[in-house]
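> Provided below: data.tsv, containing TSV, C-alpha atoms.
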```tsv
chain	number	residue	atom	x	y	z
A	1	MET	CA	-2.29	134.02	107.65
A	2	ASP	CA	-5.06	134.24	105.07
A	3	ILE	CA	-2.87	136.25	102.71
A	4	GLU	CA	-0.05	133.74	103.18
A	5	ARG	CA	-2.45	130.85	102.56
A	6	GLU	CA	-3.73	132.44	99.36
A	7	PHE	CA	-0.17	133.09	98.24
A	8	ILE	CA	0.85	129.46	98.78
A	9	LEU	CA	-2.22	128.15	96.96
A	10	GLU	CA	-1.58	130.43	93.98
A	11	TRP	CA	2.11	129.41	93.92
A	12	TYR	CA	1.09	125.73	93.76
A	13	ALA	CA	-1.97	126.19	91.55
A	14	ARG	CA	-0.74	123.76	88.88
A	15	GLN	CA	0.21	121.15	91.46
A	16	LEU	CA	-3.24	121.39	93.07
A	17	LEU	CA	-4.75	120.20	89.76
A	18	VAL	CA	-3.10	116.79	90.27
A	19	LYS	CA	-5.50	114.08	91.39
A	20	GLY	CA	-5.25	113.47	95.15
A	21	ILE	CA	-3.47	116.71	96.07
A	22	THR	CA	-5.74	118.83	98.22
A	23	GLU	CA	-5.31	122.32	99.65
A	24	ALA	CA	-5.13	120.79	103.14
A	25	PHE	CA	-2.29	118.48	102.04
A	26	GLN	CA	-0.44	121.33	100.33
A	27	LEU	CA	-0.65	123.51	103.46
A	28	ARG	CA	0.40	120.58	105.68
A	29	LEU	CA	3.52	120.10	103.53
A	30	THR	CA	4.79	123.54	104.58
A	31	GLU	CA	5.38	122.12	108.07
A	32	GLU	CA	7.92	119.56	106.83
A	33	THR	CA	11.45	120.76	107.51
A	34	PHE	CA	14.91	119.87	106.23
A	35	GLY	CA	18.07	120.25	108.28
A	36	SER	CA	21.64	119.62	107.14
A	37	LEU	CA	22.31	117.74	103.92
A	38	SER	CA	25.41	115.68	103.19
A	39	CYS	CA	25.93	115.77	99.40
A	40	GLU	CA	24.72	117.18	96.07
A	41	PHE	CA	22.46	114.18	95.48
A	42	GLU	CA	20.62	114.90	98.76
A	43	GLU	CA	20.49	118.60	97.87
A	44	LEU	CA	18.79	117.91	94.53
A	45	ILE	CA	16.19	115.63	96.15
A	46	ALA	CA	15.59	118.29	98.84
A	47	GLU	CA	15.30	121.04	96.21
A	48	LEU	CA	12.68	119.05	94.27
A	49	LEU	CA	10.71	118.42	97.47
A	50	ILE	CA	10.97	122.05	98.55
A	51	ARG	CA	9.69	123.03	95.11
A	52	SER	CA	6.80	120.60	95.76
A	53	GLY	CA	5.88	122.52	98.91
A	54	LEU	CA	7.98	121.32	101.85
A	55	ALA	CA	8.79	124.76	103.12
A	56	GLY	CA	10.75	124.42	106.35
A	57	ILE	CA	14.50	124.66	106.87
A	58	THR	CA	16.70	124.72	109.96
A	59	ARG	CA	19.75	126.91	110.54
A	60	GLU	CA	21.99	124.09	109.24
A	61	PHE	CA	20.29	123.95	105.84
A	62	PRO	CA	22.56	124.92	102.89
A	63	ARG	CA	20.01	127.51	101.76
A	64	GLN	CA	22.36	129.81	99.92
A	65	LYS	CA	23.16	127.08	97.45
A	66	ILE	CA	19.69	126.00	96.48
A	67	LEU	CA	17.04	128.26	97.92
A	68	ARG	CA	17.48	131.68	96.42
A	69	PHE	CA	14.21	131.38	94.54
A	70	TYR	CA	12.25	130.53	97.58
A	71	SER	CA	12.70	133.32	100.08
A	72	PRO	CA	9.05	134.43	100.39
A	73	LEU	CA	7.94	131.03	101.63
A	74	ILE	CA	10.72	129.82	103.88
A	75	TYR	CA	9.92	128.96	107.47
A	76	ARG	CA	12.37	128.27	110.28
A	77	GLN	CA	11.25	125.16	112.12
A	78	TYR	CA	12.57	122.05	113.81
A	79	GLU	CA	13.88	119.34	111.50
A	80	THR	CA	11.20	116.78	110.58
A	81	ILE	CA	12.89	115.00	107.65
A	82	GLN	CA	16.30	113.35	107.53
A	83	PHE	CA	18.12	111.67	104.65
A	84	ARG	CA	20.53	108.80	105.32
A	85	ASN	CA	22.81	106.69	103.17
A	86	GLY	CA	21.83	103.02	103.02
A	87	PRO	CA	21.78	100.07	100.63
A	88	ASN	CA	18.02	100.21	99.92
A	89	LEU	CA	15.27	102.79	99.64
A	90	GLU	CA	13.50	102.78	103.01
A	91	PHE	CA	11.00	105.05	104.74
A	92	TYR	CA	10.44	105.03	108.50
A	93	GLU	CA	9.86	107.25	111.51
A	94	GLN	CA	12.42	107.53	114.30
A	95	SER	CA	12.38	109.84	117.31
A	96	GLY	CA	9.55	111.87	115.81
A	97	LYS	CA	11.36	112.41	112.49
A	98	LYS	CA	10.67	111.01	109.06
A	99	VAL	CA	13.75	109.19	107.84
A	100	ILE	CA	14.44	108.32	104.20
A	101	SER	CA	17.37	106.03	103.54
A	102	PHE	CA	18.72	105.43	100.03
A	103	PRO	CA	21.98	104.58	98.24
A	104	HIS	CA	23.85	107.81	97.56
A	105	GLU	CA	25.93	106.47	94.67
A	106	LEU	CA	22.97	106.31	92.27
A	107	SER	CA	22.99	108.32	89.04
A	108	LYS	CA	21.35	111.77	89.11
A	109	PHE	CA	18.30	110.37	87.27
A	110	PHE	CA	17.22	108.79	90.55
A	111	ALA	CA	16.90	112.12	92.40
A	112	PRO	CA	13.45	112.96	90.96
A	113	VAL	CA	12.40	109.31	91.37
A	114	ILE	CA	13.27	109.35	95.08
A	115	ALA	CA	11.70	112.82	95.51
A	116	SER	CA	8.47	111.51	93.98
A	117	ARG	CA	8.42	108.55	96.36
A	118	VAL	CA	8.97	110.76	99.40
A	119	PHE	CA	6.10	112.93	98.15
A	120	LEU	CA	3.86	109.86	97.74
A	121	TRP	CA	4.83	108.69	101.23
A	122	LEU	CA	3.72	112.06	102.62
A	123	LEU	CA	0.55	111.69	100.55
A	124	GLU	CA	0.07	108.30	102.28
A	125	GLU	CA	-0.06	106.39	99.00
A	126	ASN	CA	1.53	103.02	98.29
A	127	ILE	CA	5.16	103.36	97.32
A	128	GLU	CA	7.53	101.14	95.39
A	129	ASN	CA	10.87	100.52	97.09
A	130	SER	CA	12.69	98.95	94.15
A	131	LEU	CA	15.18	101.18	92.35
A	132	GLU	CA	15.79	98.77	89.46
A	133	ILE	CA	15.06	101.22	86.68
A	134	LYS	CA	16.58	101.25	83.21
A	135	PHE	CA	16.90	104.78	81.85
A	136	PRO	CA	17.66	105.44	78.15
A	137	VAL	CA	21.21	106.47	79.08
A	138	SER	CA	22.92	105.04	82.16
A	139	ASP	CA	24.29	108.35	83.45
A	140	LEU	CA	24.88	111.97	82.50
A	141	GLU	CA	28.21	112.61	80.82
A	142	ARG	CA	30.15	115.68	79.67
A	143	VAL	CA	29.67	117.02	76.14
A	144	ARG	CA	32.76	115.78	74.26
A	145	ARG	CA	31.65	116.61	70.72
A	146	GLN	CA	30.12	120.06	70.48
A	147	GLY	CA	27.11	120.87	68.34
A	148	ARG	CA	24.55	123.62	67.89
A	149	VAL	CA	21.39	122.91	69.90
A	150	MET	CA	18.03	124.71	69.74
A	151	VAL	CA	15.63	124.34	72.68
A	152	VAL	CA	12.02	125.32	72.03
A	153	GLY	CA	10.20	126.16	75.28
A	154	ALA	CA	11.92	127.14	78.52
A	155	GLY	CA	9.40	126.08	81.15
A	156	GLY	CA	9.14	122.98	83.33
A	157	LEU	CA	10.99	120.68	80.91
A	158	GLY	CA	13.17	123.33	79.28
A	159	GLY	CA	14.53	124.63	82.59
A	160	PRO	CA	16.24	121.45	83.82
A	161	LEU	CA	17.16	120.57	80.22
A	162	ILE	CA	18.95	123.89	79.57
A	163	LYS	CA	20.69	123.87	82.96
A	164	THR	CA	21.83	120.26	82.53
A	165	LEU	CA	23.12	120.82	78.96
A	166	LEU	CA	25.12	123.91	79.98
A	167	ASP	CA	26.42	122.27	83.17
A	168	LEU	CA	27.61	119.36	81.03
A	169	GLY	CA	29.61	121.73	78.84
A	170	LEU	CA	27.44	122.59	75.82
A	171	ARG	CA	28.79	125.79	74.27
A	172	ASP	CA	26.30	126.71	71.52
A	173	LEU	CA	22.65	127.08	72.49
A	174	ALA	CA	19.61	128.86	71.06
A	175	VAL	CA	16.44	129.09	73.15
A	176	VAL	CA	13.01	129.96	71.73
A	177	GLU	CA	10.53	131.12	74.38
A	178	PRO	CA	7.71	133.67	73.97
A	179	GLY	CA	6.21	133.64	77.49
A	180	SER	CA	6.55	135.69	80.65
A	181	VAL	CA	7.18	134.42	84.19
A	182	LYS	CA	4.11	133.75	86.34
A	183	LEU	CA	3.92	132.96	90.04
A	184	ASN	CA	2.49	129.50	89.41
A	185	ASN	CA	5.45	128.66	87.11
A	186	LEU	CA	7.99	128.82	89.92
A	187	HIS	CA	7.43	125.45	91.59
A	188	ARG	CA	8.72	123.61	88.50
A	189	GLN	CA	10.41	126.14	86.19
A	190	ILE	CA	13.82	126.12	87.83
A	191	LEU	CA	15.47	128.93	85.85
A	192	TYR	CA	13.18	131.62	87.30
A	193	ASP	CA	13.05	133.19	90.75
A	194	TYR	CA	10.36	135.03	92.65
A	195	GLY	CA	11.86	138.36	91.55
A	196	ASP	CA	11.42	137.43	87.87
A	197	VAL	CA	7.60	137.27	88.00
A	198	GLY	CA	6.09	139.51	85.31
A	199	TYR	CA	9.25	139.73	83.17
A	200	LEU	CA	9.70	138.12	79.75
A	201	LYS	CA	11.32	134.71	80.12
A	202	ALA	CA	13.58	135.46	77.15
A	203	GLU	CA	15.00	138.60	78.84
A	204	VAL	CA	15.50	136.80	82.16
A	205	LEU	CA	17.22	133.86	80.49
A	206	GLN	CA	19.52	135.93	78.28
A	207	LYS	CA	20.76	137.82	81.33
A	208	LYS	CA	21.05	134.86	83.73
A	209	LEU	CA	22.47	132.28	81.34
A	210	SER	CA	25.04	134.62	79.78
A	211	ARG	CA	26.22	135.56	83.26
A	212	ALA	CA	26.33	131.99	84.61
A	213	TYR	CA	27.85	130.29	81.53
A	214	THR	CA	30.40	132.75	80.21
A	215	SER	CA	32.10	130.30	77.85
A	216	ALA	CA	28.85	129.42	76.05
A	217	ARG	CA	27.35	131.27	73.08
A	218	ILE	CA	23.67	131.67	74.01
A	219	ARG	CA	20.92	133.34	71.97
A	220	VAL	CA	17.38	133.64	73.34
A	221	TYR	CA	14.48	134.42	70.99
A	222	ASN	CA	11.38	136.03	72.45
A	223	SER	CA	9.13	134.37	69.87
A	224	PHE	CA	7.15	131.29	69.00
A	225	PHE	CA	8.88	128.54	67.00
A	226	SER	CA	8.85	128.94	63.23
A	227	GLU	CA	10.62	127.06	60.46
A	228	SER	CA	12.52	130.23	59.55
A	229	LEU	CA	14.36	129.97	62.89
A	230	LEU	CA	15.84	126.67	61.66
A	231	ARG	CA	17.19	128.48	58.59
A	232	THR	CA	18.63	131.26	60.78
A	233	GLU	CA	20.17	129.05	63.44
A	234	LYS	CA	20.99	125.89	61.44
A	235	PRO	CA	20.93	123.68	64.57
A	236	ASP	CA	22.40	120.18	64.65
A	237	LEU	CA	19.64	119.16	67.06
A	238	VAL	CA	16.29	120.63	68.12
A	239	ILE	CA	14.73	119.81	71.50
A	240	SER	CA	11.02	120.37	71.92
A	241	CYS	CA	9.75	121.34	75.38
A	242	VAL	CA	6.52	123.07	74.35
A	243	ASP	CA	3.17	122.58	76.10
A	244	ASN	CA	0.74	122.16	73.21
A	245	PHE	CA	0.00	119.77	70.36
A	246	SER	CA	0.08	122.42	67.63
A	247	GLY	CA	3.62	123.40	68.61
A	248	ARG	CA	4.73	119.76	68.61
A	249	TYR	CA	3.22	119.14	65.16
A	250	SER	CA	4.92	122.27	63.87
A	251	ILE	CA	8.36	121.32	65.25
A	252	ASN	CA	7.99	117.72	64.05
A	253	ASP	CA	7.00	118.72	60.52
A	254	ALA	CA	9.69	121.39	60.19
A	255	CYS	CA	12.45	119.10	61.48
A	256	TYR	CA	11.43	116.25	59.14
A	257	ARG	CA	11.27	118.64	56.18
A	258	SER	CA	14.69	120.09	57.05
A	259	GLY	CA	16.29	116.76	57.96
A	260	ILE	CA	17.21	118.02	61.44
A	261	PRO	CA	17.05	115.44	64.26
A	262	TYR	CA	14.96	116.41	67.24
A	263	ILE	CA	14.03	115.24	70.72
A	264	ASP	CA	10.51	115.64	72.03
A	265	GLY	CA	9.33	115.43	75.62
A	266	ALA	CA	5.99	115.93	77.35
A	267	VAL	CA	4.82	115.62	80.95
A	268	GLU	CA	1.59	115.63	82.91
A	269	GLU	CA	0.98	115.05	86.63
A	270	PHE	CA	3.35	112.15	87.52
A	271	SER	CA	4.06	110.87	84.00
A	272	GLY	CA	5.62	111.72	80.67
A	273	TYR	CA	7.69	110.58	77.71
A	274	VAL	CA	10.93	111.46	75.93
A	275	MET	CA	11.79	110.41	72.37
A	276	TYR	CA	14.47	111.08	69.77
A	277	ARG	CA	13.24	111.36	66.16
A	278	ASP	CA	14.89	111.77	62.78
A	279	ARG	CA	14.00	110.94	59.17
A	280	THR	CA	14.95	107.28	59.63
A	281	LEU	CA	12.29	106.86	62.35
A	282	PRO	CA	8.48	107.13	62.49
A	283	CYS	CA	7.53	110.70	63.43
A	284	TYR	CA	5.49	112.33	66.22
A	285	ARG	CA	2.34	112.08	64.07
A	286	CYS	CA	2.85	108.30	63.84
A	287	PHE	CA	2.88	108.28	67.67
A	288	MET	CA	0.04	110.70	68.48
A	289	GLY	CA	-1.92	110.78	65.24
A	290	ASP	CA	-2.93	113.93	63.33
A	291	GLU	CA	-6.06	114.82	65.25
A	292	ARG	CA	-4.91	116.00	68.68
A	293	ARG	CA	-6.37	119.39	69.54
A	294	ASP	CA	-5.32	121.77	72.29
A	295	ASN	CA	-7.70	123.08	74.87
A	296	SER	CA	-6.98	125.98	77.17
A	297	ALA	CA	-7.56	124.11	80.45
A	298	PRO	CA	-4.34	124.06	82.53
A	299	LYS	CA	-3.04	120.61	83.45
A	300	GLY	CA	-1.64	119.38	86.74
A	301	ILE	CA	2.12	118.97	86.97
A	302	LEU	CA	4.70	118.22	89.65
A	303	PRO	CA	8.28	119.52	89.77
A	304	PHE	CA	10.02	116.15	89.95
A	305	THR	CA	8.10	114.92	86.87
A	306	SER	CA	9.24	117.78	84.66
A	307	TYR	CA	12.75	117.65	86.13
A	308	LEU	CA	13.08	113.96	85.21
A	309	GLY	CA	11.72	114.62	81.71
A	310	GLY	CA	14.14	117.51	81.10
A	311	MET	CA	17.11	115.63	82.48
A	312	VAL	CA	16.42	112.57	80.30
A	313	GLN	CA	16.06	114.86	77.24
A	314	ALA	CA	19.48	116.34	78.09
A	315	ALA	CA	21.05	112.91	78.52
A	316	ILE	CA	19.75	111.71	75.15
A	317	ALA	CA	20.92	114.95	73.53
A	318	VAL	CA	24.47	114.61	74.88
A	319	ASP	CA	24.53	110.94	73.88
A	320	PHE	CA	23.51	111.96	70.36
A	321	LEU	CA	26.18	114.69	70.17
A	322	ASN	CA	28.94	112.48	71.57
A	323	ARG	CA	28.18	109.27	69.68
A	324	ASN	CA	25.75	110.11	66.90
A	325	LYS	CA	24.02	106.87	67.87
A	326	PRO	CA	20.43	107.80	68.64
A	327	TYR	CA	18.11	106.24	71.22
A	328	GLU	CA	15.33	104.91	68.98
A	329	SER	CA	12.64	103.91	71.50
A	330	ILE	CA	10.17	106.11	73.31
A	331	PHE	CA	10.91	106.30	77.04
A	332	TRP	CA	7.68	106.46	79.06
A	333	PHE	CA	7.60	106.97	82.82
A	334	ASP	CA	4.91	107.09	85.47
A	335	LEU	CA	6.35	108.06	88.84
A	336	ARG	CA	3.09	107.47	90.74
A	337	ASN	CA	2.80	103.83	89.67
A	338	SER	CA	6.50	103.24	89.16
A	339	VAL	CA	6.24	102.31	85.49
A	340	PHE	CA	9.30	102.86	83.26
A	341	GLU	CA	8.87	101.45	79.75
A	342	GLU	CA	10.53	101.51	76.36
A	343	LEU	CA	7.84	101.81	73.69
A	344	GLU	CA	8.04	101.13	69.96
A	345	ILE	CA	5.99	102.64	67.16
A	346	SER	CA	5.77	101.86	63.47
A	347	ARG	CA	5.20	104.25	60.58
A	348	ARG	CA	1.60	104.90	59.62
A	349	SER	CA	1.08	104.09	55.97
A	350	GLU	CA	-0.87	107.34	55.49
A	351	CYS	CA	1.62	109.65	57.28
A	352	GLU	CA	2.34	112.61	55.01
A	353	VAL	CA	5.37	113.79	56.99
A	354	CYS	CA	7.67	110.80	57.37
A	355	GLN	CA	6.44	108.36	54.71
B	1	MET	CA	-4.82	89.94	78.74
B	2	GLU	CA	-3.74	92.17	81.60
B	3	VAL	CA	-4.56	95.85	81.09
B	4	VAL	CA	-3.03	98.62	83.21
B	5	TYR	CA	-3.95	102.31	83.20
B	6	GLY	CA	-2.34	104.19	86.08
B	7	GLU	CA	-3.53	102.51	89.27
B	8	LYS	CA	-6.45	100.81	87.45
B	9	LYS	CA	-6.20	97.21	86.26
B	10	TRP	CA	-8.43	94.92	84.19
B	11	THR	CA	-8.20	91.33	83.00
B	12	PHE	CA	-9.83	90.12	79.77
B	13	GLU	CA	-9.89	86.50	78.59
B	14	ASN	CA	-10.02	87.05	74.83
B	15	GLU	CA	-8.33	89.05	72.11
B	16	MET	CA	-10.05	92.36	71.53
B	17	LEU	CA	-10.31	95.18	69.02
B	18	LEU	CA	-8.79	98.45	70.25
B	19	ASP	CA	-12.14	100.22	70.05
B	20	LYS	CA	-13.81	97.52	72.13
B	21	LEU	CA	-11.08	97.72	74.77
B	22	LEU	CA	-11.55	101.48	75.09
B	23	GLN	CA	-15.29	100.98	75.49
B	24	GLU	CA	-14.86	98.25	78.11
B	25	THR	CA	-12.45	100.37	80.16
B	26	GLY	CA	-14.50	103.55	79.85
B	27	LEU	CA	-11.61	105.38	78.18
B	28	LYS	CA	-13.19	105.90	74.76
B	29	ARG	CA	-13.28	109.69	75.15
B	30	GLU	CA	-10.00	110.07	77.02
B	31	PRO	CA	-6.77	111.26	75.32
B	32	VAL	CA	-4.92	107.98	75.70
B	33	LEU	CA	-2.60	105.70	73.73
B	34	VAL	CA	-2.68	101.92	73.96
B	35	MET	CA	0.48	99.82	73.96
B	36	ALA	CA	0.50	96.00	73.74
B	37	ASP	CA	3.80	94.39	74.75
B	38	GLY	CA	5.47	97.78	74.28
B	39	ARG	CA	4.09	98.40	70.77
B	40	LEU	CA	1.59	101.13	69.85
B	41	ILE	CA	-1.82	99.78	68.81
B	42	ARG	CA	-3.82	101.80	66.29
B	43	GLU	CA	-7.50	102.00	65.39
B	44	GLY	CA	-8.75	98.81	63.74
B	45	GLU	CA	-6.01	96.66	65.27
B	46	THR	CA	-6.66	93.73	67.58
B	47	LEU	CA	-4.93	93.27	70.91
B	48	PRO	CA	-3.62	89.69	71.20
B	49	ARG	CA	-5.15	87.53	73.90
B	50	ASP	CA	-1.99	87.06	75.96
B	51	SER	CA	-0.59	90.56	75.59
B	52	ARG	CA	0.46	92.90	78.38
B	53	VAL	CA	-1.44	96.11	77.72
B	54	LEU	CA	-0.38	99.50	79.01
B	55	ILE	CA	-2.68	102.48	78.47
B	56	ILE	CA	-0.92	105.84	78.76
B	57	ASN	CA	-2.06	109.44	78.68
B	58	ALA	CA	-1.25	111.41	75.55
B	59	ALA	CA	0.87	113.76	77.68
B	60	ASN	CA	1.32	117.25	76.30
B	61	GLY	CA	2.67	119.49	79.09
B	62	GLY	CA	6.04	121.17	78.83
```
Please express what this file holds, its structure, as structure tokens.


Amino acid sequence: MDIEREFILEWYARQLLVKGITEAFQLRLTEETFGSLSCEFEELIAELLIRSGLAGITREFPRQKILRFYSPLIYRQYETIQFRNGPNLEFYEQSGKKVISFPHELSKFFAPVIASRVFLWLLEENIENSLEIKFPVSDLERVRRQGRVMVVGAGGLGGPLIKTLLDLGLRDLAVVEPGSVKLNNLHRQILYDYGDVGYLKAEVLQKKLSRAYTSARIRVYNSFFSESLLRTEKPDLVISCVDNFSGRYSINDACYRSGIPYIDGAVEEFSGYVMYRDRTLPCYRCFMGDERRDNSAPKGILPFTSYLGGMVQAAIAVDFLNRNKPYESIFWFDLRNSVFEELEISRRSECEVCQ
Amino acid sequence: MEVVYGEKKWTFENEMLLDKLLQETGLKREPVLVMADGRLIREGETLPRDSRVLIINAANGG
């Protein structure tokens, strides 16, 4: 059991950095068990919770569809959690089971929101029951007007973003990713499985994505972002999913210089932002300033936070491709405190990039 | 003005310089951004007395 315990704690190392999440809580989560699920919406919520550490499934669970990545940690137990369809979001216990009722006709954006609230319920924190949330785009839609998209960073944000874009029909994608797969990536980086640990992400992605999306033209670069990649690829849109300030400054500056629109996203613990930028709008430096410096300390992150960030980036990207009518605000979300805001920034008079 | 930062909340009666607000809330050294009524407030600016202030982390994870 000690080896198993150590394995679980290493797997969830980045989640254990989040305030309020203790080793005891993380180990207790492994006892929570899902049974049968009735629709894709329930499956996505269950997947996000399983990625957060709820490790039990019953024989009825549709494991082949969503659990391939998870085999080393799966337990067979009695069902402890049930989802039900209902008009409101409700949490209660019935016959020894935890029951979560919610409307099943909601857009996919609500799956990570509901997953986060189930997680907070298990954490015994106050939860918000209202689902009146305005997202930048009302729902995900198919790509109707194709374009060439470059995604920089294929981790917690990039994973759901890339999957969503390709599922929605994008046919021309370049991915820039220099890292390799680590065990503590798996809880949130949905494109990688346990068997990929140690391999270059670029190699894993080229193989998996080309096999899964045969009609798409996909190039994966095992490198850091550089402006020369913009000249090589000539993307219509760049999407930044990197995890450091220097990378964001570099992408921002290069896109403004080249006149290429881009979408930035960043997440941390339960919160994050997504924003579209182009030369007509104040840039990333007008939002964050010029002085942000990276430090090497890893930050806490939860799978539903990065999934929501990546999915909203994808939705804004498809909206841009289909309509060429950009979302000009900054969408900020905090799943722990149920805050969803549209923020506005103005240009800084001294900004050397967008002034 | 009502000020919210995560689960923390403060109320201040008067308008306030950004720097003063960060001192009062103990967030001077934290990587945060301050929004008043949905608009980013920069160094040297004053937060209006009746504004709704949201302090957010300068998130950077990917």

> Hey, list the chain A side of the contact with chain B: 8 Å cut-off, all atoms listed in the file, answer as an MDAnalysis selection string.

chainID A and resid 153 155:158 241:245 265:268 271:273 287:288 299 301 306 334 336:337 341:346

> Calculate how many Å separate atom CA of Ala314 of chain A from atom CA of Leu161 of chain A, rounding to one decimal.

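Answer for the atom CA of Ala314 of chain A to atom CA of Leu161 of chain A separation: 5.3 Å.
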
> What does the distance between atom CA of Ile81 of chain A and atom CA of Glu125 of chain A come to in Å, to one decimal place?

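Computing the Euclidean distance for atom CA of Ile81 of chain A and atom CA of Glu125 of chain A yields 17.8 Å.
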
> Which protein, DNA or RNA residues have an atom at most 9 Å from (29.7, 117.4, 76.5), counting all atoms listed in the file? List them as a list of chain:residue names.

A:Glu141, A:Arg142, A:Val143, A:Arg144, A:Arg145, A:Gln146, A:Leu165, A:Leu166, A:Asp167, A:Leu168, A:Gly169, A:Leu170, A:Arg171, A:Val318, A:Asp319, A:Leu321, A:Asn322

> I need every residue sitting at most 12 Å from the point (-8.6, 95.2, 73.0) (coordinates as in the file, all atoms listed in the file considered), written as a CSV table (one decimal) with C-alpha atoms, in the coordinates of the input.


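Ended up saving to result-v6.csv:
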```
chain,number,residue,atom,x,y,z
B,1,MET,CA,-4.8,89.9,78.7
B,2,GLU,CA,-3.7,92.2,81.6
B,3,VAL,CA,-4.6,95.8,81.1
B,10,TRP,CA,-8.4,94.9,84.2
B,11,THR,CA,-8.2,91.3,83.0
B,12,PHE,CA,-9.8,90.1,79.8
B,13,GLU,CA,-9.9,86.5,78.6
B,14,ASN,CA,-10.0,87.0,74.8
B,15,GLU,CA,-8.3,89.0,72.1
B,16,MET,CA,-10.0,92.4,71.5
B,17,LEU,CA,-10.3,95.2,69.0
B,18,LEU,CA,-8.8,98.4,70.2
B,19,ASP,CA,-12.1,100.2,70.0
B,20,LYS,CA,-13.8,97.5,72.1
B,21,LEU,CA,-11.1,97.7,74.8
B,22,LEU,CA,-11.6,101.5,75.1
B,23,GLN,CA,-15.3,101.0,75.5
B,24,GLU,CA,-14.9,98.2,78.1
B,25,THR,CA,-12.4,100.4,80.2
B,27,LEU,CA,-11.6,105.4,78.2
B,28,LYS,CA,-13.2,105.9,74.8
B,34,VAL,CA,-2.7,101.9,74.0
B,35,MET,CA,0.5,99.8,74.0
B,36,ALA,CA,0.5,96.0,73.7
B,41,ILE,CA,-1.8,99.8,68.8
B,42,ARG,CA,-3.8,101.8,66.3
B,43,GLU,CA,-7.5,102.0,65.4
B,44,GLY,CA,-8.8,98.8,63.7
B,45,GLU,CA,-6.0,96.7,65.3
B,46,THR,CA,-6.7,93.7,67.6
B,47,LEU,CA,-4.9,93.3,70.9
B,48,PRO,CA,-3.6,89.7,71.2
B,49,ARG,CA,-5.2,87.5,73.9
B,50,ASP,CA,-2.0,87.1,76.0
B,51,SER,CA,-0.6,90.6,75.6
B,52,ARG,CA,0.5,92.9,78.4
B,53,VAL,CA,-1.4,96.1,77.7
B,54,LEU,CA,-0.4,99.5,79.0
B,55,ILE,CA,-2.7,102.5,78.5
```
